[in-house]
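Report on the following structure.
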Amino acid sequence: MILKFRNYKVLYEINLILIALLLPFTEYFSIQFVSISIILLLLGWLLFNGKSKFFTLTKSEKLVLFLFILFYLINLSGLFRGGSSIAEKVLIKKLALLLLPVIIATGPGLTLLQIKRIIFCFIFSLSISTLPTYSIGINNLLAPQNDLNDLADVLLIHRPYFGLFCAFSVIALLILFRVKDKLFIKLASFIIIVYLLFFAGIIYAKMALISFSITVVLSGLVWLLYKRFYIYSLLLTAILIMGALLVYQKTPSIKNNISNVLAGKDFSFNDYNILVVGSINTRYVNWGCAFKVLNTDNNWLYGVGSGNSQNKLQECYKTRNLWVYESKMNSHNQFIEETLYNGLGGFIIFLSSLLLPGIISFKRGNFLHLSFLILFTLCCLTESILSRQVGIIFYSFFNSILFFNFKNNPESITLHE
């Protein structure tokens with residue numbers, strides 16, 4: 001060993017903090033910066049980490065780690081089903097899905113204080129990365145008829161990912177907040193929460209805000225179940241359902257819009273906000289073509305391969321929507337994307353890699369990780385989050401840290417602390 005083990009622990013944490021700081025700037029600067037930090041993390045792990053750490057993992061943790069590895073390896077099948085050059089790029093881009101879970105699961109354990117430092121560094125960096133966008137973002141807010149082209153030019157990260165990052169940061173601050181914290185910390189946390197939610201609003205990160213709201217409600221319900229407050233959980237569920245039904249019945253516009261969405265009817269750009277209509281109508285095309293590909297030659301069973309899926313979508317886009325065709329859009333749903341890649345097997349593995357850790361986190365009372373999974377899953381319904389490297393690193397990084405380090409924490413990460 002070149003470094004003592006205790007020095008490696010310090011180096012390990014510094015590397016994780018570096019990834020957290022670079023992540024919100026990943027798409028603006030070169031992805032190579034955060035990739036280099038992951039490579040340094042890997043080198044330190046290979047040279048100085050005790051490999052026996054794997055045997056200290058619980059059976060459930062080993063199973064989850066196996067699922068994460070399998071989720072990456074199943075994409076190897078794309079190399080043998082056409083489009084191998086594209087498939088190779090996909091596999092390299094998604095390498096973090098393999099490396100980060102393995103390194104973090106078998107690396108030095110992190111305490112709750114260390115996890116807080118990593119998350120707070122990410123939130124600080126995220127807040128800084130929003131600054132270049134505010135002036136144009138506010139102009140778009142004041143003139144909603146504008147499109148998002150000018151806003152997209154100054155965004156450091158693609159809008160859905162920026163919104164996801166903001167939503168996760170707010171949830172983390174809410175869960176990690178302590179009543180006994182100093183007044184300055186309370187005030188700073190409140191300001192950051194308001195700031196990030198407002199930022200998500202002015203960049204029109206619609207799904208992120210919707211997912212955030214649903215995550216808060218679901219996390220609260222799950223916490224009540226965890227604490228065995230069954231009557232309160234049933235009462236809250238009944239209130240939410242009755243409230244939703246009342247709003248649906250008493251608000252004709254909402255009722256009509258929901259009916260149109262369920263029927264797959266296009267929305268008029270003259271009658272509705274162009275930013276909302278564009279997202280809905282585009283996804284009709286994305287999902288419609290994806291299902292057309294899956295229903296052809298029983299592709300839903302085996303998939304078409306990671307290197308072939310975009311070509312298949314393009315064939316359909318060309319006949320349905322020229323703009324979507326020229327934009328070379330993916331399916332805009334991570335579950336559909338995994339099914340396109342590897343069929344039903346890929347869908348089941350991806351779903352299992354979310355459900356199993358979620359169940360384990362619920363049993364442990366790890367509501368920060370559970371909330372992360374709920375938020376990520378909801379955002380995956382309208383976006384292919386793992387199609388960009390920034391989304392891949394974000395998911396594999398925080399998913400691994402929050403799951404594999406829970407047992408090393410001196411206290412549970414729950415909503416009531």
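Identifiers in this document derive from the order of the structure tokens: chains are assigned A, B, ..., residues are numbered from 1 separately in each chain, and ligands are numbered from 1 in order of occurrence.
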For the alpha helix (DSSP H) assignment from backbone DSSP, which residues of range 15-257 of chain A qualify? Please present them as a PyMOL selection string. chain A and resi 15-22+31-48+59-73+84-93+96-106+112-130+134-142+149-154+159-176+183-202+206-226+230-250+252-257
Find the residues around range 339-341 of chain A up to 12 Å (only C-alpha atoms counted), leave out those fewer than 3 positions away in its own chain, and share them as number ranges by chain. A: 71-72, 74-83, 87, 90-91, 287, 289-296, 298-313, 330-336, 344-351, 384, 387
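Atom pair CA of Asp266 in chain A / CA of Ile280 in chain A: separated by 7.8 Å.
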Can you tell me, as a VMD selection string, what residues are no more than 12 Å from Leu368 in chain A when counting only C-alpha atoms, ignoring any on the same chain fewer than 2 positions away? chain A and resid 112 115 to 116 119 168 to 177 215 to 216 219 to 220 222 to 223 358 361 to 362 364 to 366 370 to 375 398 to 399 401 to 403 406 412 to 417
Same residues, C-alpha atoms, output as a PDB file, in the first residue's frame:
```pdb
ATOM      1  CA  LEU A 112     -24.648  10.042   8.123  1.00  0.00           C
ATOM      2  CA  ILE A 115     -23.513  11.560   3.470  1.00  0.00           C
ATOM      3  CA  LYS A 116     -24.825  14.981   4.505  1.00  0.00           C
ATOM      4  CA  ILE A 119     -25.445  15.944  -0.498  1.00  0.00           C
ATOM      5  CA  PHE A 168     -34.118  15.705  -5.057  1.00  0.00           C
ATOM      6  CA  SER A 169     -32.227  18.529  -3.333  1.00  0.00           C
ATOM      7  CA  VAL A 170     -35.418  19.925  -1.807  1.00  0.00           C
ATOM      8  CA  ILE A 171     -36.505  16.479  -0.601  1.00  0.00           C
ATOM      9  CA  ALA A 172     -33.052  15.865   0.893  1.00  0.00           C
ATOM     10  CA  LEU A 173     -33.167  19.188   2.741  1.00  0.00           C
ATOM     11  CA  LEU A 174     -36.656  18.441   4.073  1.00  0.00           C
ATOM     12  CA  ILE A 175     -35.681  14.979   5.312  1.00  0.00           C
ATOM     13  CA  LEU A 176     -32.267  15.938   6.709  1.00  0.00           C
ATOM     14  CA  PHE A 177     -33.671  19.031   8.423  1.00  0.00           C
ATOM     15  CA  THR A 215     -43.155  11.957  -3.798  1.00  0.00           C
ATOM     16  CA  VAL A 216     -43.796  14.132  -0.746  1.00  0.00           C
ATOM     17  CA  SER A 219     -43.334   9.368   1.353  1.00  0.00           C
ATOM     18  CA  GLY A 220     -45.604  10.774   4.038  1.00  0.00           C
ATOM     19  CA  VAL A 222     -45.321   5.311   3.631  1.00  0.00           C
ATOM     20  CA  TRP A 223     -43.845   6.860   6.772  1.00  0.00           C
ATOM     21  CA  GLY A 358     -37.171   0.337  -2.154  1.00  0.00           C
ATOM     22  CA  SER A 361     -35.134   0.808   2.485  1.00  0.00           C
ATOM     23  CA  PHE A 362     -38.713   0.837   3.787  1.00  0.00           C
ATOM     24  CA  ARG A 364     -34.804  -0.111   7.375  1.00  0.00           C
ATOM     25  CA  GLY A 365     -36.633   3.196   7.750  1.00  0.00           C
ATOM     26  CA  ASN A 366     -34.329   4.779   5.181  1.00  0.00           C
ATOM     27  CA  LEU A 370     -36.966   5.561  -0.601  1.00  0.00           C
ATOM     28  CA  SER A 371     -37.978   9.111  -1.548  1.00  0.00           C
ATOM     29  CA  PHE A 372     -35.108   9.229  -4.035  1.00  0.00           C
ATOM     30  CA  LEU A 373     -36.389   6.042  -5.691  1.00  0.00           C
ATOM     31  CA  ILE A 374     -39.997   7.281  -5.826  1.00  0.00           C
ATOM     32  CA  LEU A 375     -38.913  10.586  -7.370  1.00  0.00           C
ATOM     33  CA  PHE A 398     -26.865   8.727  -5.088  1.00  0.00           C
ATOM     34  CA  ASN A 399     -28.695   5.421  -5.370  1.00  0.00           C
ATOM     35  CA  ILE A 401     -24.563   6.011  -1.532  1.00  0.00           C
ATOM     36  CA  LEU A 402     -28.017   6.107   0.048  1.00  0.00           C
ATOM     37  CA  PHE A 403     -28.588   2.344  -0.121  1.00  0.00           C
ATOM     38  CA  PHE A 406     -27.376   2.956   5.589  1.00  0.00           C
ATOM     39  CA  SER A 412     -31.890   6.334  10.630  1.00  0.00           C
ATOM     40  CA  ILE A 413     -32.636   8.750   7.820  1.00  0.00           C
ATOM     41  CA  THR A 414     -36.338   9.236   8.330  1.00  0.00           C
ATOM     42  CA  LEU A 415     -38.868  12.002   7.928  1.00  0.00           C
ATOM     43  CA  HIS A 416     -39.486  12.435  11.646  1.00  0.00           C
ATOM     44  CA  GLU A 417     -35.950  13.256  12.723  1.00  0.00           C
TER      45      GLU A 417
END
```
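Here CA of Pro101 in chain A is placed at a distance of 26.7 Å from CA of Tyr226 in chain A.
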When you look at Leu156 in chain A with a cut-off of 9 Å (counting only C-alpha atoms), what residues show up, excluding the ones that are within fewer than 4 positions of it in the same chain? I need them as a VMD selection string. chain A and resid 24 to 29 129 to 130 132 to 133 152 162
Between CA of Gly107 in chain A and CA of Leu386 in chain A, what is the distance, to one decimal in Å? 24.1 Å
Selected residue of minimal separation from Tyr195 in chain A among A:Leu95, A:Phe124, A:Ile118, A:Tyr12, counting only C-alpha atoms: A:Phe124
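Counting only C-alpha atoms, the residue from A:Gly50, A:Ile385, A:Gln314, A:Lys363 that sits nearest to Glu337 in chain A is A:Ile385.
When only C-alpha atoms are used to compute distances to Glu13 in chain A, the closest of the residues A:Leu246, A:Leu378, A:Leu65, A:Leu113 turns out to be A:Leu113.
When only C-alpha atoms are used to compute distances to Phe404 in chain A, the closest of the residues A:Arg228, A:Ile38, A:His369, A:Ile193 turns out to be A:His369.
Nearest-residue note for Leu240 in chain A: choosing from A:Leu22, A:Leu221, A:Ser327, A:Gln32, the minimum distance belongs to A:Leu221, counting only C-alpha atoms.
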